[in-house]
$ cat start.csv   # CSV, C-alpha atoms
chain,number,residue,atom,x,y,z
A,1,MET,CA,150.9,195.3,93.2
A,2,PHE,CA,150.0,197.2,96.3
A,3,ILE,CA,147.7,200.0,95.3
A,4,LEU,CA,146.8,202.8,97.7
A,5,ILE,CA,143.7,204.8,96.7
A,6,VAL,CA,142.9,208.0,98.6
A,7,GLY,CA,139.3,209.0,98.2
A,8,CYS,CA,136.7,206.2,98.2
A,9,GLY,CA,133.9,207.9,96.3
A,10,ARG,CA,132.4,206.6,93.1
A,11,VAL,CA,135.6,206.7,91.2
A,12,GLY,CA,138.0,205.5,93.9
A,13,SER,CA,135.8,202.7,95.1
A,14,SER,CA,135.1,201.4,91.5
A,15,VAL,CA,138.8,201.4,90.7
A,16,ALA,CA,139.5,199.7,94.0
A,17,ARG,CA,137.0,196.9,93.4
A,18,ALA,CA,138.3,196.4,89.9
A,19,MET,CA,141.9,196.2,91.0
A,20,LEU,CA,141.1,193.8,93.8
A,21,HIS,CA,139.3,191.6,91.4
A,22,GLU,CA,142.4,191.6,89.2
A,23,GLY,CA,144.4,190.2,92.1
A,24,HIS,CA,146.2,193.2,93.4
A,25,GLU,CA,146.4,194.2,97.1
A,26,VAL,CA,144.3,197.3,97.5
A,27,SER,CA,144.1,199.8,100.3
A,28,CYS,CA,141.6,202.7,100.5
A,29,LEU,CA,141.8,205.8,102.6
A,30,ASP,CA,138.9,208.1,103.1
A,31,GLU,CA,137.7,210.5,105.7
A,32,ASP,CA,134.2,209.2,105.7
A,33,PRO,CA,133.8,205.8,107.4
A,34,GLU,CA,130.5,205.3,105.4
A,35,SER,CA,132.4,205.2,102.2
A,36,HIS,CA,133.5,201.7,103.1
A,37,ALA,CA,130.0,200.5,102.0
A,38,ARG,CA,130.8,201.4,98.4
A,39,LEU,CA,133.6,198.9,98.4
A,40,GLU,CA,131.2,196.1,99.0
A,41,VAL,CA,128.7,196.8,96.3
A,42,GLY,CA,128.2,193.6,94.3
A,43,LEU,CA,130.6,191.6,96.4
A,44,GLU,CA,129.6,188.4,98.1
A,45,LYS,CA,132.1,188.7,100.9
A,46,GLY,CA,133.2,191.7,102.9
A,47,TRP,CA,136.0,194.0,101.6
A,48,GLU,CA,138.5,192.9,104.3
A,49,ASP,CA,137.5,189.2,103.9
A,50,LEU,CA,138.6,189.5,100.3
A,51,GLY,CA,142.0,191.0,101.4
A,52,GLY,CA,141.2,194.6,100.9
A,53,HIS,CA,142.2,197.3,103.4
A,54,PHE,CA,140.3,200.4,104.5
A,55,THR,CA,141.5,203.2,106.7
A,56,VAL,CA,139.6,206.2,107.9
A,57,GLY,CA,141.6,209.4,107.6
A,58,ALA,CA,142.6,212.3,105.5
A,59,GLY,CA,145.2,212.1,102.7
A,60,LEU,CA,147.2,215.0,104.2
A,61,GLU,CA,147.5,213.2,107.5
A,62,THR,CA,150.9,211.4,107.7
A,63,ASP,CA,149.6,208.9,110.3
A,64,ALA,CA,146.7,208.0,108.0
A,65,LEU,CA,148.9,207.5,105.0
A,66,LEU,CA,151.3,205.3,106.9
A,67,ALA,CA,148.5,203.2,108.4
A,68,ALA,CA,147.1,202.8,104.9
A,69,GLY,CA,150.5,201.5,103.7
A,70,VAL,CA,151.9,204.3,101.6
A,71,GLU,CA,155.5,203.2,102.3
A,72,ARG,CA,155.0,200.0,100.5
A,73,ALA,CA,152.7,201.2,97.8
A,74,ASP,CA,153.5,200.5,94.2
A,75,ALA,CA,150.8,202.7,92.9
A,76,PHE,CA,149.0,205.7,94.4
A,77,ILE,CA,145.7,207.2,93.2
A,78,ALA,CA,144.5,210.5,94.4
A,79,SER,CA,140.8,210.6,93.8
A,80,THR,CA,139.3,212.7,96.5
A,81,ASP,CA,136.7,215.3,95.5
A,82,GLY,CA,139.1,218.2,95.9
A,83,ASP,CA,141.5,219.0,93.0
A,84,ASN,CA,143.9,220.8,95.3
A,85,THR,CA,144.0,217.9,97.8
A,86,ASN,CA,144.7,215.5,95.0
A,87,ILE,CA,147.5,217.6,93.6
A,88,ILE,CA,149.1,218.0,97.0
A,89,ILE,CA,148.8,214.4,98.2
A,90,ALA,CA,150.0,213.1,94.8
A,91,GLN,CA,153.2,215.1,95.2
A,92,ILE,CA,153.6,213.9,98.7
A,93,ALA,CA,153.4,210.3,97.4
A,94,GLN,CA,155.9,211.1,94.7
A,95,ARG,CA,158.4,213.1,96.7
A,96,ARG,CA,158.3,211.9,100.2
A,97,TYR,CA,157.3,208.3,99.7
A,98,GLU,CA,158.7,207.8,96.2
A,99,VAL,CA,155.8,205.7,95.1
A,100,PRO,CA,156.7,204.5,91.6
A,101,THR,CA,153.3,205.1,90.0
A,102,VAL,CA,151.2,208.1,91.1
A,103,ILE,CA,148.1,209.3,89.4
A,104,ALA,CA,145.9,212.2,90.3
A,105,ARG,CA,142.3,212.9,89.2
A,106,ILE,CA,141.9,216.6,88.6
A,107,LEU,CA,138.7,218.1,87.4
A,108,ASP,CA,140.0,221.5,86.4
A,109,PRO,CA,141.5,221.1,82.9
A,110,LEU,CA,143.9,224.0,83.3
A,111,ARG,CA,145.4,222.7,86.5
A,112,ALA,CA,145.4,219.2,85.1
A,113,GLU,CA,147.4,220.3,82.1
A,114,TRP,CA,149.9,222.4,84.1
A,115,TYR,CA,150.6,219.6,86.6
A,116,GLN,CA,150.9,217.0,83.8
A,117,ARG,CA,153.6,219.2,82.3
A,118,GLN,CA,155.3,219.3,85.7
A,119,GLY,CA,155.6,215.5,85.8
A,120,LEU,CA,152.4,214.5,87.6
A,121,HIS,CA,150.3,211.9,85.8
A,122,THR,CA,146.8,213.5,85.8
A,123,VAL,CA,143.5,212.2,84.6
A,124,CYS,CA,141.0,214.9,83.8
A,125,PRO,CA,137.4,213.7,83.4
A,126,THR,CA,136.3,217.2,82.4
A,127,ARG,CA,138.7,217.3,79.5
A,128,VAL,CA,137.4,213.9,78.3
A,129,ALA,CA,133.8,215.2,78.6
A,130,ILE,CA,134.6,218.4,76.7
A,131,ASP,CA,136.3,216.5,73.9
A,132,MET,CA,133.5,213.9,73.6
A,133,LEU,CA,130.8,216.6,73.6
A,134,GLU,CA,132.5,218.6,71.0
A,135,SER,CA,132.9,215.5,68.8
A,136,ALA,CA,129.3,214.6,69.2
A,137,VAL,CA,128.2,218.0,68.2
A,138,ARG,CA,130.4,218.0,65.1
A,139,GLU,CA,129.2,214.5,64.1
A,140,GLY,CA,125.6,215.8,64.5
A,141,ALA,CA,126.4,218.7,62.2
A,142,GLU,CA,128.0,216.4,59.6
A,143,ARG,CA,125.0,214.2,59.5
A,144,GLY,CA,123.0,217.0,58.2
A,145,GLY,CA,122.4,219.2,61.2
A,146,GLY,CA,123.4,222.4,59.5
A,147,PRO,CA,125.7,224.0,56.9
A,148,ASP,CA,128.7,221.9,56.5
A,149,ASP,CA,131.8,224.1,56.3
A,150,SER,CA,135.2,222.6,56.5
A,151,ALA,CA,134.3,220.2,59.3
A,152,GLU,CA,136.9,217.6,59.4
A,153,ALA,CA,135.9,214.0,60.0
A,154,ALA,CA,135.7,213.4,63.7
B,155,MET,CA,155.0,246.5,94.9
B,156,TYR,CA,152.0,244.7,93.4
B,157,ILE,CA,150.8,242.2,96.0
B,158,ILE,CA,148.0,239.6,95.6
B,159,VAL,CA,146.4,238.5,98.9
B,160,VAL,CA,144.4,235.3,98.6
B,161,GLY,CA,141.6,235.1,101.3
B,162,ALA,CA,139.7,238.1,102.7
B,163,GLY,CA,139.2,236.7,106.2
B,164,LYS,CA,140.4,238.5,109.2
B,165,VAL,CA,144.1,237.9,108.3
B,166,GLY,CA,143.8,238.7,104.6
B,167,TRP,CA,141.5,241.7,105.1
B,168,ASN,CA,143.7,243.3,107.7
B,169,LEU,CA,146.8,242.5,105.8
B,170,ALA,CA,145.3,244.2,102.7
B,171,ARG,CA,144.5,247.3,104.8
B,172,GLU,CA,148.1,247.5,106.1
B,173,LEU,CA,149.6,247.0,102.7
B,174,LEU,CA,147.4,249.6,101.1
B,175,ASP,CA,148.3,252.0,103.9
B,176,LYS,CA,151.9,251.5,103.0
B,177,GLU,CA,150.9,252.4,99.4
B,178,HIS,CA,151.4,249.1,97.8
B,179,GLU,CA,149.1,248.0,95.0
B,180,VAL,CA,147.0,245.2,96.3
B,181,THR,CA,144.4,242.8,95.0
B,182,VAL,CA,142.6,240.5,97.4
B,183,ILE,CA,140.9,237.5,96.0
B,184,GLU,CA,138.0,236.0,97.9
B,185,SER,CA,135.8,233.1,96.9
B,186,ASN,CA,133.0,233.4,99.4
B,187,ARG,CA,130.3,235.7,97.9
B,188,ARG,CA,129.1,237.2,101.2
B,189,ARG,CA,132.6,237.9,102.5
B,190,TYR,CA,133.5,239.4,99.2
B,191,LEU,CA,130.6,241.8,99.3
B,192,THR,CA,131.4,242.8,102.8
B,193,VAL,CA,135.0,243.5,102.1
B,194,GLU,CA,134.2,245.1,98.8
B,195,GLN,CA,132.4,247.9,100.6
B,196,GLU,CA,135.6,249.0,102.1
B,197,LEU,CA,138.3,247.9,99.6
B,198,GLU,CA,136.3,248.4,96.4
B,199,HIS,CA,138.2,247.6,93.3
B,200,ASN,CA,141.1,246.2,95.4
B,201,VAL,CA,139.1,243.0,96.0
B,202,SER,CA,138.2,240.5,93.4
B,203,TYR,CA,135.6,237.7,93.5
B,204,GLY,CA,136.7,234.2,92.5
B,205,ASP,CA,138.4,230.9,93.5
B,206,ALA,CA,142.1,231.7,93.4
B,207,SER,CA,143.0,228.0,92.8
B,208,GLU,CA,141.6,228.5,89.3
B,209,LEU,CA,144.4,229.7,87.1
B,210,TRP,CA,142.3,232.0,85.1
B,211,VAL,CA,141.2,233.8,88.3
B,212,LEU,CA,144.9,234.4,89.1
B,213,GLU,CA,145.6,235.6,85.6
B,214,ARG,CA,142.6,238.0,85.7
B,215,ALA,CA,144.1,239.4,88.9
B,216,GLY,CA,147.4,240.0,87.1
B,217,ILE,CA,149.5,237.4,88.7
B,218,GLN,CA,152.0,237.6,85.9
B,219,ARG,CA,153.1,241.1,87.1
B,220,ALA,CA,152.7,240.4,90.9
B,221,ASP,CA,155.8,240.9,93.0
B,222,MET,CA,154.4,238.9,95.8
B,223,VAL,CA,151.6,236.4,96.5
B,224,ILE,CA,150.3,235.8,100.0
B,225,ALA,CA,148.0,232.9,100.5
B,226,VAL,CA,146.1,233.2,103.8
B,227,THR,CA,142.9,231.2,103.2
B,228,GLY,CA,141.7,228.8,105.9
B,229,ASP,CA,142.5,225.8,103.8
B,230,ASP,CA,146.1,224.5,103.7
B,231,GLU,CA,145.7,222.6,100.4
B,232,ASP,CA,144.6,225.8,98.8
B,233,ASN,CA,147.4,227.8,100.2
B,234,MET,CA,149.9,225.2,99.1
B,235,LEU,CA,148.5,225.0,95.6
B,236,ILE,CA,148.3,228.7,95.1
B,237,CYS,CA,151.8,229.4,96.3
B,238,GLN,CA,153.2,226.5,94.2
B,239,VAL,CA,151.5,227.7,91.1
B,240,ALA,CA,152.4,231.3,91.8
B,241,ARG,CA,156.1,230.5,92.1
B,242,GLU,CA,156.5,227.8,89.5
B,243,LYS,CA,154.1,228.8,86.8
B,244,TYR,CA,154.0,232.5,87.1
B,245,LEU,CA,157.5,233.0,88.5
B,246,VAL,CA,156.3,235.3,91.3
B,247,GLU,CA,159.5,236.2,93.2
B,248,ARG,CA,158.1,236.1,96.7
B,249,ILE,CA,155.4,233.9,98.2
B,250,ILE,CA,154.1,233.6,101.8
B,251,ALA,CA,151.8,230.9,102.9
B,252,ARG,CA,149.7,230.6,106.0
B,253,VAL,CA,149.7,227.2,107.7
B,254,ASN,CA,146.4,226.5,109.5
B,255,ASN,CA,147.2,223.1,110.9
B,256,PRO,CA,150.7,222.9,112.2
B,257,ARG,CA,150.9,219.2,111.3
B,258,ASN,CA,150.8,220.2,107.6
B,259,ARG,CA,154.0,222.2,107.9
B,260,PRO,CA,156.1,219.3,106.7
B,261,HIS,CA,154.1,219.3,103.5
B,262,PHE,CA,154.7,223.0,102.9
B,263,ASP,CA,158.4,222.3,103.5
B,264,LEU,CA,158.4,219.3,101.1
B,265,LEU,CA,157.0,221.4,98.3
B,266,GLY,CA,159.5,224.2,99.0
B,267,ILE,CA,156.8,226.7,100.0
B,268,LYS,CA,158.4,229.1,102.3
B,269,PRO,CA,158.2,231.2,104.3
B,270,SER,CA,155.1,229.6,105.9
B,271,VAL,CA,153.5,231.0,109.0
B,272,SER,CA,151.5,229.2,111.5
B,273,ALA,CA,149.8,231.3,114.2
B,274,THR,CA,149.4,228.2,116.3
B,275,ASP,CA,153.1,227.4,116.2
B,276,LEU,CA,154.0,231.0,117.2
B,277,ILE,CA,151.7,231.0,120.1
B,278,LEU,CA,152.9,227.5,121.2
B,279,ARG,CA,156.4,228.8,121.2
B,280,LEU,CA,155.4,231.7,123.4
B,281,LEU,CA,153.7,229.3,125.8
B,282,GLU,CA,156.8,227.2,126.0
B,283,HIS,CA,158.8,230.3,126.7
B,284,GLU,CA,156.5,231.4,129.5
B,285,VAL,CA,156.3,228.0,131.3
B,286,PRO,CA,159.0,227.9,134.0
B,287,GLU,CA,160.4,224.5,133.4
B,288,TYR,CA,161.3,224.1,129.7
B,289,GLY,CA,164.1,222.4,128.0
B,290,LEU,CA,165.0,224.0,124.7
B,291,VAL,CA,162.9,226.5,122.8
B,292,HIS,CA,163.3,227.3,119.2
B,293,LEU,CA,163.1,231.0,118.8
B,294,LEU,CA,164.0,231.2,115.2
B,295,ASP,CA,164.6,228.8,112.3
B,296,LEU,CA,166.2,230.4,109.3
B,297,GLN,CA,165.6,227.7,106.8
B,298,GLU,CA,167.4,229.3,103.9
B,299,GLU,CA,170.5,230.2,105.9
B,300,GLN,CA,170.5,226.9,107.7
B,301,LEU,CA,170.7,228.4,111.2
B,302,GLU,CA,168.6,228.1,114.3
B,303,ILE,CA,168.5,230.2,117.4
B,304,ILE,CA,167.5,228.4,120.5
B,305,GLU,CA,167.0,229.3,124.1
B,306,MET,CA,167.7,227.1,127.1
B,307,LEU,CA,167.0,227.5,130.8
B,308,LEU,CA,169.8,226.4,133.0
B,309,GLY,CA,168.5,224.4,135.9
B,310,SER,CA,170.4,224.1,139.2
B,311,ASP,CA,171.5,220.6,138.2
B,312,SER,CA,172.8,221.8,134.8
B,313,GLY,CA,176.2,220.5,134.0
B,314,VAL,CA,177.5,224.0,133.1
B,315,THR,CA,176.4,225.9,136.2
B,316,GLY,CA,179.3,227.5,137.8
B,317,ARG,CA,181.5,227.2,134.7
B,318,ARG,CA,183.1,229.9,132.7
B,319,VAL,CA,182.0,230.4,129.1
B,320,SER,CA,185.6,230.0,128.0
B,321,ASP,CA,185.8,226.6,129.6
B,322,LEU,CA,182.7,225.3,127.9
B,323,GLN,CA,183.3,222.9,125.0
B,324,MET,CA,180.6,224.1,122.8
B,325,PRO,CA,179.7,221.6,120.0
B,326,GLU,CA,181.2,222.5,116.6
B,327,GLY,CA,178.7,224.7,114.7
B,328,SER,CA,177.2,226.4,117.8
B,329,LEU,CA,177.8,229.6,119.6
B,330,LEU,CA,176.6,231.1,122.8
B,331,ILE,CA,175.3,234.6,121.9
B,332,SER,CA,173.5,236.0,125.0
B,333,VAL,CA,172.6,235.3,128.6
B,334,LEU,CA,169.4,236.6,130.2
B,335,ARG,CA,169.9,236.9,133.9
B,336,ALA,CA,167.5,238.6,136.4
B,337,GLY,CA,165.5,240.2,133.6
B,338,LYS,CA,168.6,241.6,131.9
B,339,GLY,CA,170.2,240.3,128.7
B,340,PHE,CA,173.9,240.6,128.0
B,341,VAL,CA,176.5,239.2,125.6
B,342,PRO,CA,178.7,236.9,127.7
B,343,GLY,CA,182.4,237.3,127.6
B,344,PRO,CA,184.9,234.4,128.1
B,345,GLU,CA,185.1,235.1,131.8
B,346,THR,CA,181.3,235.0,132.3
B,347,VAL,CA,180.3,232.4,134.8
B,348,LEU,CA,177.0,230.7,134.1
B,349,GLU,CA,174.4,230.5,136.9
B,350,ALA,CA,171.4,228.4,137.6
B,351,GLY,CA,168.4,230.3,136.3
B,352,ASP,CA,170.2,231.8,133.4
B,353,GLU,CA,168.4,231.7,130.1
B,354,VAL,CA,171.1,231.3,127.4
B,355,LEU,CA,170.6,232.0,123.7
B,356,ALA,CA,172.7,230.1,121.2
B,357,VAL,CA,172.9,230.1,117.5
B,358,LEU,CA,173.6,226.8,115.9
B,359,ASP,CA,173.7,224.7,112.7
B,360,PRO,CA,170.5,222.5,112.5
B,361,GLY,CA,171.0,219.1,114.0
B,362,LYS,CA,173.2,220.2,116.8
B,363,GLU,CA,170.4,220.6,119.4
B,364,ASP,CA,170.9,217.3,121.0
B,365,ASP,CA,174.6,217.9,121.6
B,366,LEU,CA,173.7,221.3,123.1
B,367,LYS,CA,171.0,219.8,125.3
B,368,ALA,CA,173.4,217.2,126.6
B,369,LEU,CA,176.0,219.8,127.3
B,370,PHE,CA,173.7,222.2,129.1
B,371,GLY,CA,171.4,219.7,130.7
B,372,PRO,CA,171.7,217.9,134.0
B,373,GLY,CA,175.0,216.5,135.3
B,374,ASN,CA,177.4,216.5,132.4
B,375,ASN,CA,180.0,218.8,133.9
B,376,GLY,CA,180.4,220.7,130.7
B,377,ALA,CA,182.5,218.0,129.1
B,378,PRO,CA,182.6,217.8,125.3
B,379,ILE,CA,180.1,215.6,123.5
B,380,ASP,CA,181.1,213.3,120.7
B,381,GLY,CA,178.8,214.0,117.8
$ encode --input "start.csv" --output "structure tokens"
Amino acid sequence: MFILIVGCGRVGSSVARAMLHEGHEVSCLDEDPESHARLEVGLEKGWEDLGGHFTVGAGLETDALLAAGVERADAFIASTDGDNTNIIIAQIAQRRYEVPTVIARILDPLRAEWYQRQGLHTVCPTRVAIDMLESAVREGAERGGGPDDSAEAA
Amino acid sequence: MYIIVVGAGKVGWNLARELLDKEHEVTVIESNRRRYLTVEQELEHNVSYGDASELWVLERAGIQRADMVIAVTGDDEDNMLICQVAREKYLVERIIARVNNPRNRPHFDLLGIKPSVSATDLILRLLEHEVPEYGLVHLLDLQEEQLEIIEMLLGSDSGVTGRRVSDLQMPEGSLLISVLRAGKGFVPGPETVLEAGDEVLAVLDPGKEDDLKALFGPGNNGAPIDG
């Protein structure tokens, strides 16, 4: 698969490295040239030497998307640090470039839920954190932290 | 009308003033604390502090009953998001978006966010209009109605100089609507003879520009274009 990842921060770069390791062709796009360094953490060779691609540019820039290979992407991941950017560029990937698999990381649970219902595959780390924290608190309560009402098994 | 204006910068703030003057109900939403406090001194309860890309902020501002949402922040992604959500989630009838970077306009179009207004584009068009040697200038694009109005300057080498309007073989889907000559505009009749230096206005279906340019450009003798 050819995977295009926009936003090469902690999340984007980690996914990129994992996908490259699994044998996919991976292209990263980020506005910050320094983010390239994250791609090479723990690698013995350089990112490009291993077949990875890296382009400097913004996800909204058509030239940058084309240079990063959006037209031949099988999968597109929007993982910049801006929810709105991720929502917009993911839709561009879906509607203009018809990338088969498009995923957007969205931190705001409300926007993530709305756009998921509109047909965008969203991943919401905040939602996961909220659910896990709530479970952990309930488990703590069950183990004898306080009056046990009708707490259902976590 | 109840209008929500997102962004209390120069555009948003002045827009709010004008709309309030016209006796509309207005809420401005601003996410920068300092700017909010400044604007609040004048607009008071008509301005609200918050990030309008958060759905609960929009709901707190009463977006469900808004007749219009105008997104004029300095950030195109925010403007796109807010307008998309306003129209598709909250079913606001009318949305207007500001385009900061003209290169993002295709994205606004792709998501169906219109009308979208770019100050840069408007000024560029005026510049083109003022520069003596120009080819074809878009004066107006009516996207919903699928019509364009364009303006062309006829050079001395234009293929239609000296020809009568009735002899022109205008491409199907286009119509000559006015001629500006020596500072005066008039609607041409079939006997009007076009002259070098005339600025002609035409209305046309989108996609017919090239045919029109070929007809009115150098050397063609006004013959019909296949196309």
$ interface_residues --input "start.csv" --of "chain B" --to "chain A" --cutoff "7 Å" --atoms "only C-alpha atoms" --output "PyMOL selection string"
chain B and resi 209+231-232+235
$ atom_distance --input "start.csv" --atom1 "atom CA of A:Cys28" --atom2 "atom CA of A:His121"
19.4 Å
$ closest_residue --input "start.csv" --among "A:Leu39, A:Ala90, A:Arg105, A:Asp30" --to "A:Val128" --atoms "all atoms listed in the file"
A:Arg105
$ residues_around --input "start.csv" --residues "stretch 10-19 of chain A" --least-positions-apart "3" --cutoff "10 Å" --atoms "all atoms listed in the file" --output "ChimeraX atom specification"
/A:1-7,22-30,35-43,47,52,77-81,105
$ residues_around --input "start.csv" --residues "B:Glu194" --least-positions-apart "4" --cutoff "12 Å" --atoms "only C-alpha atoms" --output "list in words"
Ala162, Trp167, Ala170, Thr181, Val182, Ile183, Glu184, Asn186, Arg187, Arg188, Arg189, Tyr190, Glu198, His199, Asn200, Val201, Ser202 and Tyr203 of chain B
$ atom_distance --input "start.csv" --atom1 "atom CA of A:Ala58" --atom2 "atom CA of A:Val123"
20.9 Å
$ atom_distance --input "start.csv" --atom1 "atom CA of B:Lys243" --atom2 "atom CA of A:Thr101"
23.9 Å
$ residues_around --input "start.csv" --residues "B:Ala273" --least-positions-apart "6" --cutoff "12 Å" --atoms "all atoms listed in the file" --output "number ranges by chain"
B: 165, 226, 228, 251-256, 259, 279-280
$ write_last_selection --input "start.csv" --atoms "C-alpha atoms" --output "PDB file, keeping the file's coordinate frame"
ATOM      1  CA  VAL B 165     144.100 237.900 108.300  1.00  0.00           C
ATOM      2  CA  VAL B 226     146.100 233.200 103.800  1.00  0.00           C
ATOM      3  CA  GLY B 228     141.700 228.800 105.900  1.00  0.00           C
ATOM      4  CA  ALA B 251     151.800 230.900 102.900  1.00  0.00           C
ATOM      5  CA  ARG B 252     149.700 230.600 106.000  1.00  0.00           C
ATOM      6  CA  VAL B 253     149.700 227.200 107.700  1.00  0.00           C
ATOM      7  CA  ASN B 254     146.400 226.500 109.500  1.00  0.00           C
ATOM      8  CA  ASN B 255     147.200 223.100 110.900  1.00  0.00           C
ATOM      9  CA  PRO B 256     150.700 222.900 112.200  1.00  0.00           C
ATOM     10  CA  ARG B 259     154.000 222.200 107.900  1.00  0.00           C
ATOM     11  CA  ARG B 279     156.400 228.800 121.200  1.00  0.00           C
ATOM     12  CA  LEU B 280     155.400 231.700 123.400  1.00  0.00           C
TER      13      LEU B 280
END
$ closest_residue --input "start.csv" --among "B:Leu265, B:Leu329, B:Ile236, B:Leu358" --to "B:Leu296" --atoms "all atoms listed in the file"
B:Leu358
$ closest_residue --input "start.csv" --among "B:Asp321, B:Leu330, B:Leu308, B:Glu299" --to "B:Pro360" --atoms "only C-alpha atoms"
B:Glu299
$ closest_residue --input "start.csv" --among "B:Gln300, B:Lys362, B:Leu369, B:Ser272" --to "B:Leu322" --atoms "all atoms listed in the file"
B:Leu369
